[in-house]
file final_17.cif (mmCIF, C-alpha atoms (C1' of nucleotides))
data_input
loop_
_atom_site.label_atom_id
_atom_site.label_comp_id
_atom_site.auth_asym_id
_atom_site.auth_seq_id
_atom_site.Cartn_x
_atom_site.Cartn_y
_atom_site.Cartn_z
CA MET P 11 120.01 79.60 65.86
CA ASN P 12 121.63 79.44 62.46
CA ARG P 13 120.02 81.42 59.66
CA PHE P 14 118.62 78.28 58.03
CA ALA P 15 116.97 76.91 61.15
CA GLU P 16 113.73 78.82 61.22
CA PRO P 17 112.74 78.29 57.57
CA ILE P 18 113.76 74.62 57.65
CA LEU P 19 111.97 73.95 60.96
CA ASP P 20 108.85 75.68 59.63
CA TRP P 21 109.06 73.72 56.38
CA TYR P 22 109.40 70.46 58.31
CA ALA P 23 106.39 71.26 60.50
CA GLU P 24 104.30 71.52 57.38
CA HIS P 25 105.77 68.91 55.05
CA ALA P 26 107.20 66.09 57.16
CA ARG P 27 106.03 62.61 56.22
CA ASP P 28 103.97 60.76 58.78
CA LEU P 29 106.36 57.84 59.32
CA PRO P 30 105.48 55.38 62.11
CA TRP P 31 108.87 55.57 63.81
CA ARG P 32 108.41 59.34 64.14
CA ARG P 33 105.12 59.10 66.01
CA PRO P 34 105.02 59.87 69.73
CA GLU P 35 104.15 56.26 70.56
CA ALA P 36 107.26 54.93 68.82
CA THR P 37 109.67 53.37 71.32
CA PRO P 38 113.46 53.77 71.30
CA TRP P 39 113.60 50.17 70.10
CA GLY P 40 111.29 51.05 67.23
CA VAL P 41 113.53 53.98 66.34
CA LEU P 42 116.62 51.79 66.50
CA VAL P 43 115.07 49.13 64.26
CA SER P 44 114.04 51.79 61.75
CA GLU P 45 117.53 53.25 61.61
CA ILE P 46 119.14 49.87 60.95
CA MET P 47 116.60 49.01 58.26
CA LEU P 48 117.01 52.40 56.62
CA GLN P 49 120.75 51.98 56.17
CA GLN P 50 120.96 51.91 52.37
CA THR P 51 117.33 50.82 51.96
CA PRO P 52 114.52 53.17 50.79
CA VAL P 53 111.69 54.17 53.12
CA VAL P 54 108.95 52.60 50.99
CA ARG P 55 110.52 49.18 51.31
CA VAL P 56 111.25 49.55 55.02
CA LEU P 57 107.70 50.55 55.98
CA PRO P 58 105.96 47.14 55.82
CA ALA P 59 109.02 45.28 57.15
CA TRP P 60 109.23 47.61 60.14
CA GLU P 61 105.54 47.09 61.00
CA ARG P 62 105.87 43.32 60.87
CA TRP P 63 109.12 43.36 62.83
CA LEU P 64 107.76 45.48 65.69
CA GLU P 65 104.61 43.44 65.91
CA ARG P 66 106.59 40.23 66.23
CA TRP P 67 109.41 41.61 68.36
CA PRO P 68 108.12 44.66 70.28
CA THR P 69 111.13 44.68 72.60
CA PRO P 70 114.84 43.82 72.38
CA ALA P 71 114.21 40.92 74.76
CA ALA P 72 111.64 39.42 72.42
CA LEU P 73 114.11 39.37 69.55
CA ALA P 74 116.98 38.17 71.72
CA ALA P 75 114.89 35.18 72.79
CA GLU P 76 114.80 33.82 69.24
CA PRO P 77 117.52 32.33 67.03
CA SER P 78 119.44 34.83 64.91
CA GLY P 79 118.30 32.90 61.86
CA GLU P 80 114.75 34.04 62.49
CA ALA P 81 115.94 37.63 62.25
CA VAL P 82 117.65 36.82 58.95
CA ARG P 83 114.48 35.17 57.66
CA ALA P 84 112.26 38.08 58.73
CA TRP P 85 114.68 40.50 57.11
CA ASP P 86 113.19 39.27 53.87
CA ARG P 87 114.60 41.21 50.92
CA LEU P 88 115.66 44.43 52.59
CA GLY P 89 119.20 43.66 51.47
CA TYR P 90 122.50 43.54 53.37
CA PRO P 91 121.29 40.72 55.66
CA ARG P 92 124.29 41.12 57.94
CA ARG P 93 122.29 44.00 59.35
CA ALA P 94 119.69 41.49 60.60
CA LEU P 95 122.40 39.49 62.31
CA ARG P 96 123.82 42.59 63.95
CA LEU P 97 120.40 43.82 65.02
CA HIS P 98 119.85 40.48 66.72
CA ALA P 99 123.26 40.75 68.36
CA SER P 100 122.41 44.28 69.48
CA ALA P 101 119.19 43.00 71.05
CA CYS P 102 121.19 40.40 72.95
CA ALA P 103 123.71 43.02 74.09
CA ILE P 104 120.89 45.36 75.19
CA VAL P 105 119.39 42.57 77.29
CA GLU P 106 122.73 41.61 78.77
CA ARG P 107 124.32 44.99 79.32
CA HIS P 108 121.40 47.42 79.60
CA ASP P 109 118.61 45.50 81.33
CA GLY P 110 116.70 45.25 78.08
CA GLU P 111 116.43 49.01 77.59
CA VAL P 112 117.92 50.70 74.53
CA PRO P 113 120.75 52.85 75.92
CA SER P 114 120.38 56.60 75.50
CA SER P 115 124.02 57.66 75.42
CA HIS P 116 125.84 58.06 72.13
CA ALA P 117 128.85 56.17 73.50
CA ALA P 118 126.82 53.17 74.64
CA LEU P 119 124.93 53.04 71.35
CA LEU P 120 128.21 53.16 69.44
CA GLU P 121 129.35 49.98 71.17
CA LEU P 122 126.44 47.98 69.80
CA PRO P 123 127.16 45.90 66.68
CA GLY P 124 126.06 47.50 63.44
CA ILE P 125 125.75 50.95 65.00
CA GLY P 126 128.21 53.54 63.77
CA ALA P 127 128.52 57.28 64.24
CA TYR P 128 125.46 58.11 62.19
CA THR P 129 123.07 55.59 63.74
CA ALA P 130 124.20 56.36 67.30
CA ALA P 131 123.59 60.06 66.71
CA ALA P 132 120.24 59.37 65.06
CA VAL P 133 118.92 57.18 67.87
CA ALA P 134 120.17 59.53 70.58
CA SER P 135 118.55 62.43 68.74
CA PHE P 136 115.27 60.96 67.54
CA ALA P 137 114.47 58.58 70.39
CA PHE P 138 115.92 60.62 73.26
CA ARG P 139 115.76 64.18 71.93
CA GLN P 140 119.46 64.83 72.43
CA ARG P 141 121.80 67.20 70.62
CA HIS P 142 124.16 65.48 68.17
CA ALA P 143 125.46 66.16 64.70
CA VAL P 144 123.51 63.72 62.51
CA LEU P 145 125.42 63.30 59.28
CA ASP P 146 123.81 60.98 56.81
CA THR P 147 123.88 61.09 53.04
CA ASN P 148 120.93 63.52 52.94
CA VAL P 149 122.41 65.97 55.43
CA ARG P 150 125.82 65.82 53.77
CA ARG P 151 124.27 66.67 50.41
CA VAL P 152 122.15 69.51 51.81
CA LEU P 153 125.10 71.09 53.58
CA ALA P 154 127.35 70.65 50.55
CA ARG P 155 124.90 72.66 48.47
CA LEU P 156 123.67 75.14 51.02
CA VAL P 157 127.08 76.09 52.42
CA SER P 158 129.80 74.79 50.12
CA ALA P 159 128.18 75.45 46.75
CA GLU P 160 128.93 71.87 45.68
CA GLU P 161 126.39 69.60 44.03
CA TYR P 162 127.61 66.58 46.01
CA PRO P 163 129.65 66.12 49.18
CA PRO P 164 133.09 64.47 49.06
CA ARG P 165 133.11 60.69 48.67
CA SER P 166 134.19 60.10 52.24
CA GLN P 167 133.14 62.17 55.20
CA THR P 168 135.57 64.89 56.30
CA VAL P 169 136.22 66.54 59.65
CA GLY P 170 135.13 69.77 58.04
CA GLU P 171 131.66 68.37 57.45
CA VAL P 172 131.37 67.28 61.08
CA THR P 173 132.52 70.69 62.29
CA LEU P 174 130.04 72.40 60.01
CA ALA P 175 127.16 70.19 61.11
CA GLU P 176 127.98 70.80 64.77
CA SER P 177 128.19 74.55 64.23
CA LEU P 178 124.68 74.59 62.79
CA LEU P 179 123.08 72.65 65.64
CA PRO P 180 120.57 74.70 67.65
CA LEU P 181 121.62 74.93 71.30
CA ASP P 182 118.40 73.58 72.79
CA PRO P 183 118.63 69.74 72.61
CA PRO P 184 115.04 68.97 71.57
CA THR P 185 115.19 71.69 68.94
CA ALA P 186 118.51 70.31 67.72
CA ALA P 187 116.93 66.87 67.38
CA THR P 188 114.10 68.29 65.28
CA TRP P 189 116.58 70.30 63.22
CA SER P 190 118.48 67.11 62.45
CA VAL P 191 115.45 65.19 61.23
CA ALA P 192 114.24 68.27 59.37
CA VAL P 193 117.46 68.62 57.36
CA MET P 194 117.35 64.91 56.56
CA GLU P 195 113.77 65.26 55.40
CA LEU P 196 114.66 68.26 53.26
CA GLY P 197 117.36 66.18 51.59
CA ALA P 198 114.99 63.27 51.08
CA LEU P 199 112.09 65.26 49.63
CA VAL P 200 113.46 68.48 48.11
CA CYS P 201 117.26 68.63 47.97
CA THR P 202 117.45 65.22 46.29
CA ALA P 203 120.49 63.74 44.61
CA ARG P 204 119.21 63.49 41.06
CA ALA P 205 116.63 66.22 40.36
CA PRO P 206 116.42 68.66 43.26
CA ARG P 207 113.12 70.54 43.56
CA CYS P 208 114.73 73.89 44.25
CA VAL P 209 111.49 75.76 43.58
CA ASP P 210 110.06 74.13 46.72
CA CYS P 211 113.10 74.82 48.89
CA PRO P 212 112.58 76.94 52.00
CA VAL P 213 116.21 78.11 51.99
CA LEU P 214 116.68 78.70 48.27
CA ALA P 215 117.50 82.36 48.87
CA GLY P 216 120.38 81.40 51.17
CA CYS P 217 121.73 78.51 49.11
CA ALA P 218 125.36 78.88 48.04
CA TRP P 219 125.00 76.31 45.25
CA GLN P 220 122.02 78.18 43.83
CA ALA P 221 123.89 81.48 44.06
CA ALA P 222 126.80 79.94 42.16
CA GLY P 223 124.47 78.90 39.32
CA ARG P 224 124.13 75.26 40.45
CA PRO P 225 127.43 74.09 38.94
CA ALA P 226 127.70 70.38 38.11
CA TYR P 227 129.74 68.10 40.34
CA ALA P 228 133.41 68.48 39.46
CA GLY P 229 134.98 65.90 41.76
CA PRO P 230 136.33 62.45 40.92
CA ALA P 231 134.04 60.12 38.98
CA ARG P 232 131.63 58.19 41.14
CA ARG P 233 132.35 54.53 40.75
CA GLY P 234 129.28 52.63 39.62
CA GLN P 235 128.60 49.36 41.40
CA ARG P 236 127.77 46.37 39.24
CA TYR P 237 125.61 43.63 40.55
CA ALA P 238 124.87 41.02 37.91
CA GLY P 239 127.36 38.18 38.16
CA THR P 240 128.94 39.35 41.40
CA ASP P 241 129.49 37.46 44.62
CA ARG P 242 126.83 39.68 46.13
CA GLN P 243 124.23 38.43 43.72
CA CYS P 244 125.36 34.87 44.32
CA ARG P 245 125.14 35.30 48.11
CA GLY P 246 121.68 36.75 47.70
CA ARG P 247 120.50 33.73 45.73
CA LEU P 248 121.99 31.25 48.18
CA LEU P 249 120.49 32.97 51.21
CA ALA P 250 117.10 33.26 49.53
CA VAL P 251 116.98 29.46 49.29
CA LEU P 252 117.46 29.18 53.04
CA ARG P 253 114.98 31.94 53.83
CA HIS P 254 112.28 30.20 51.84
CA ALA P 255 112.98 26.73 53.27
CA ASP P 256 111.25 25.53 56.42
CA GLY P 257 114.36 23.84 57.74
CA PRO P 258 117.83 22.69 56.66
CA VAL P 259 118.45 22.17 52.94
CA GLU P 260 120.62 19.78 50.98
CA LYS P 261 123.72 21.11 49.25
CA ALA P 262 122.08 20.34 45.89
CA ALA P 263 119.33 22.86 46.62
CA LEU P 264 121.99 25.55 46.87
CA ASP P 265 123.95 24.37 43.86
CA VAL P 266 121.05 24.82 41.45
CA VAL P 267 120.77 28.59 41.96
CA TRP P 268 124.30 29.43 40.73
CA SER P 269 126.01 27.62 37.90
CA GLU P 270 129.61 28.75 38.42
CA PRO P 271 130.99 26.37 41.07
CA VAL P 272 134.12 28.25 42.14
CA GLN P 273 132.26 31.46 42.77
CA ARG P 274 129.38 29.58 44.39
CA GLU P 275 131.67 27.84 46.90
CA ARG P 276 133.46 31.08 47.65
CA ALA P 277 130.17 32.86 48.31
CA LEU P 278 128.87 30.04 50.49
CA ASP P 279 132.08 30.00 52.52
CA ALA P 280 131.77 33.76 52.98
CA LEU P 281 128.18 33.43 54.15
CA ILE P 282 129.28 30.83 56.67
CA ALA P 283 132.16 33.03 57.80
CA ASP P 284 129.72 35.90 58.26
CA GLY P 285 127.47 33.73 60.41
CA LEU P 286 124.57 33.97 57.98
CA VAL P 287 124.64 30.26 57.13
CA ASP P 288 125.18 27.32 59.45
CA PRO P 289 126.81 24.18 57.97
CA LEU P 290 125.32 21.20 59.79
CA ASP P 291 127.18 17.99 60.70
CA ASP P 292 125.02 15.98 58.32
CA GLY P 293 126.15 18.01 55.30
CA ARG P 294 123.05 20.14 55.07
CA TYR P 295 122.83 23.91 55.51
CA ALA P 296 120.53 26.08 57.61
CA LEU P 297 119.96 29.59 58.84
CA PRO P 298 121.89 30.10 62.09
CA SER P 299 120.42 29.19 65.42
"C1'" DA E 10 141.03 53.65 53.77
"C1'" DA E 11 138.98 51.87 49.63
"C1'" DG E 12 136.05 48.13 48.80
"C1'" DG E 13 132.67 44.63 50.05
"C1'" DC E 14 128.17 43.98 51.27
"C1'" DG E 15 121.58 43.10 48.60
"C1'" DT E 16 117.80 44.63 46.38
"C1'" DG E 17 114.70 47.00 43.43
"C1'" DG E 18 112.65 51.39 41.64
"C1'" DA E 19 113.46 55.45 38.81
"C1'" DT E 20 115.50 57.66 34.95
"C1'" DT W 24 119.30 48.75 28.72
"C1'" DA W 25 122.52 50.53 31.92
"C1'" DT W 26 123.34 53.43 35.50
"C1'" DC W 27 122.23 55.71 39.63
"C1'" DC W 28 120.61 55.80 44.00
"C1'" DA W 29 118.50 54.59 48.75
"C1'" DA W 30 118.55 57.35 57.00
"C1'" DG W 31 126.01 53.04 56.54
"C1'" DC W 32 128.99 49.73 58.80
"C1'" DC W 33 133.01 47.06 59.03
"C1'" DT W 34 137.62 45.59 57.96
#

call {"tool": "encode", "arguments": {"input": "final_17.cif", "output": "structure tokens"}}
result
Amino acid sequence: MNRFAEPILDWYAEHARDLPWRRPEATPWGVLVSEIMLQQTPVVRVLPAWERWLERWPTPAALAAEPSGEAVRAWDRLGYPRRALRLHASACAIVERHDGEVPSSHAALLELPGIGAYTAAAVASFAFRQRHAVLDTNVRRVLARLVSAEEYPPRSQTVGEVTLAESLLPLDPPTAATWSVAVMELGALVCTARAPRCVDCPVLAGCAWQAAGRPAYAGPARRGQRYAGTDRQCRGRLLAVLRHADGPVEKAALDVVWSEPVQRERALDALIADGLVDPLDDGRYALPS
DNA sequence: AAGGCGTGGAT
DNA sequence: TATCCAAGCCT
């Protein structure tokens, strides 16, 4: 094993959070749902949504049996509601192509909508104890510091990062799976983006960034994302109206939540194009069926 | 291959 | 208050 494995695995055994999707009774479907919800959404906000989701839809077949709009409604305010649509589509594909069982191969997972390289590797690793390089934002940051002596990884993922992550993977598949979740956890709890708790780090002595004096990030400026006044905010307002409504709503109910008409129409058209909103024949609007 | 895509807590 | 950030994916 790599020289970081033992201290990080030991640290994880002692400090890992008790998250429901990590428990032995968690199903592959539960793991898959957690991974989709956790894409760009913090754990604390996912926790209650995940519990409700799994109680209502304990299997892919249960979700596939309902309209996609119900998935969008249940998504609540997790953000990026296209993920709800894709999770519903994945449930349908799992029923149709995999007899209702979440596939275990990385390649089959990758073919499901909304599942990219990271999520496929995560599900294969965490639900099926396989050996895959799991490169999320936490792992990328940990490896950047530990090995490359950089405060932050490059803006877009490089082949070098994949090669590095693969080279560090323990050979035994179940151990590799635990290593992957352990490095993620280290990034989430200790090797954080803003104020890393280096005093609590189990591999501080071997950290290249620490040895270099923890130099500040020297790469290109990280582009801040605005939100107020954007199409994204407008889309969020429009969709919230439909989530809160029992059934279809009049156009006027949408118009009142955004005063700028050009932007409002553009955002509504985009929601319809995305399949998040269904324009009915009678002029009203609804969540998709 | 950058940029679009929600939301809210922390600093 | 404004900015940053949170288990990415898709085009």

call {"tool": "atom_distance", "arguments": {"input": "final_17.cif", "atom1": "atom CA of P:Leu19", "atom2": "atom CA of P:Thr188"}}
result
7.4 Å

call {"tool": "interface_residues", "arguments": {"input": "final_17.cif", "of": "chain E", "to": "chain P", "cutoff": "8 Å", "atoms": "only C-alpha atoms (C1' of nucleotides)", "output": "PyMOL selection string"}}
result
chain E and resi 14-16

call {"tool": "resolve_selection", "arguments": {"input": "final_17.cif", "expression": "the PyMOL selection byres ((chain P) within 9 of (chain W))", "output": "PDB file with C-alpha atoms, keeping the file's coordinate frame"}}
result
ATOM      1  CA  SER P  44     114.040  51.790  61.750  1.00  0.00           C
ATOM      2  CA  GLU P  45     117.530  53.250  61.610  1.00  0.00           C
ATOM      3  CA  ILE P  46     119.140  49.870  60.950  1.00  0.00           C
ATOM      4  CA  MET P  47     116.600  49.010  58.260  1.00  0.00           C
ATOM      5  CA  LEU P  48     117.010  52.400  56.620  1.00  0.00           C
ATOM      6  CA  GLN P  49     120.750  51.980  56.170  1.00  0.00           C
ATOM      7  CA  GLN P  50     120.960  51.910  52.370  1.00  0.00           C
ATOM      8  CA  THR P  51     117.330  50.820  51.960  1.00  0.00           C
ATOM      9  CA  PRO P  52     114.520  53.170  50.790  1.00  0.00           C
ATOM     10  CA  VAL P  53     111.690  54.170  53.120  1.00  0.00           C
ATOM     11  CA  ARG P  93     122.290  44.000  59.350  1.00  0.00           C
ATOM     12  CA  PRO P 123     127.160  45.900  66.680  1.00  0.00           C
ATOM     13  CA  GLY P 124     126.060  47.500  63.440  1.00  0.00           C
ATOM     14  CA  ILE P 125     125.750  50.950  65.000  1.00  0.00           C
ATOM     15  CA  GLY P 126     128.210  53.540  63.770  1.00  0.00           C
ATOM     16  CA  TYR P 128     125.460  58.110  62.190  1.00  0.00           C
ATOM     17  CA  THR P 129     123.070  55.590  63.740  1.00  0.00           C
ATOM     18  CA  ALA P 132     120.240  59.370  65.060  1.00  0.00           C
ATOM     19  CA  ASP P 146     123.810  60.980  56.810  1.00  0.00           C
ATOM     20  CA  THR P 147     123.880  61.090  53.040  1.00  0.00           C
ATOM     21  CA  ASN P 148     120.930  63.520  52.940  1.00  0.00           C
ATOM     22  CA  MET P 194     117.350  64.910  56.560  1.00  0.00           C
ATOM     23  CA  ALA P 203     120.490  63.740  44.610  1.00  0.00           C
ATOM     24  CA  ARG P 204     119.210  63.490  41.060  1.00  0.00           C
ATOM     25  CA  GLY P 234     129.280  52.630  39.620  1.00  0.00           C
ATOM     26  CA  GLN P 235     128.600  49.360  41.400  1.00  0.00           C
TER      27      GLN P 235
END

call {"tool": "residues_around", "arguments": {"input": "final_17.cif", "residues": "stretch 33-35 of chain P", "least_positions_apart": "5", "cutoff": "12 Å", "atoms": "all atoms listed in the file", "output": "list in words"}}
result
Ala26, Arg27, Asp28, Gly40, Val41, Phe136, Ala137, Phe138 and Arg139 of chain P

call {"tool": "atom_distance", "arguments": {"input": "final_17.cif", "atom1": "atom CA of P:Cys102", "atom2": "atom CA of P:Val54"}}
result
27.9 Å

call {"tool": "atom_distance", "arguments": {"input": "final_17.cif", "atom1": "atom CA of P:Ser158", "atom2": "atom CA of P:Asp210"}}
result
20.0 Å

call {"tool": "axis_aligned_box", "arguments": {"input": "final_17.cif", "around": "chain E", "padding_each_side": "3 Å", "output": "AutoDock Vina command-line options"}}
result
--center_x 126.8 --center_y 50.4 --center_z 44.4 --size_x 34.4 --size_y 20.6 --size_z 24.8

call {"tool": "closest_residue", "arguments": {"input": "final_17.cif", "among": "P:Ala296, P:Leu73, P:His142, P:Arg62", "to": "P:Pro180", "atoms": "all atoms listed in the file"}}
result
P:His142
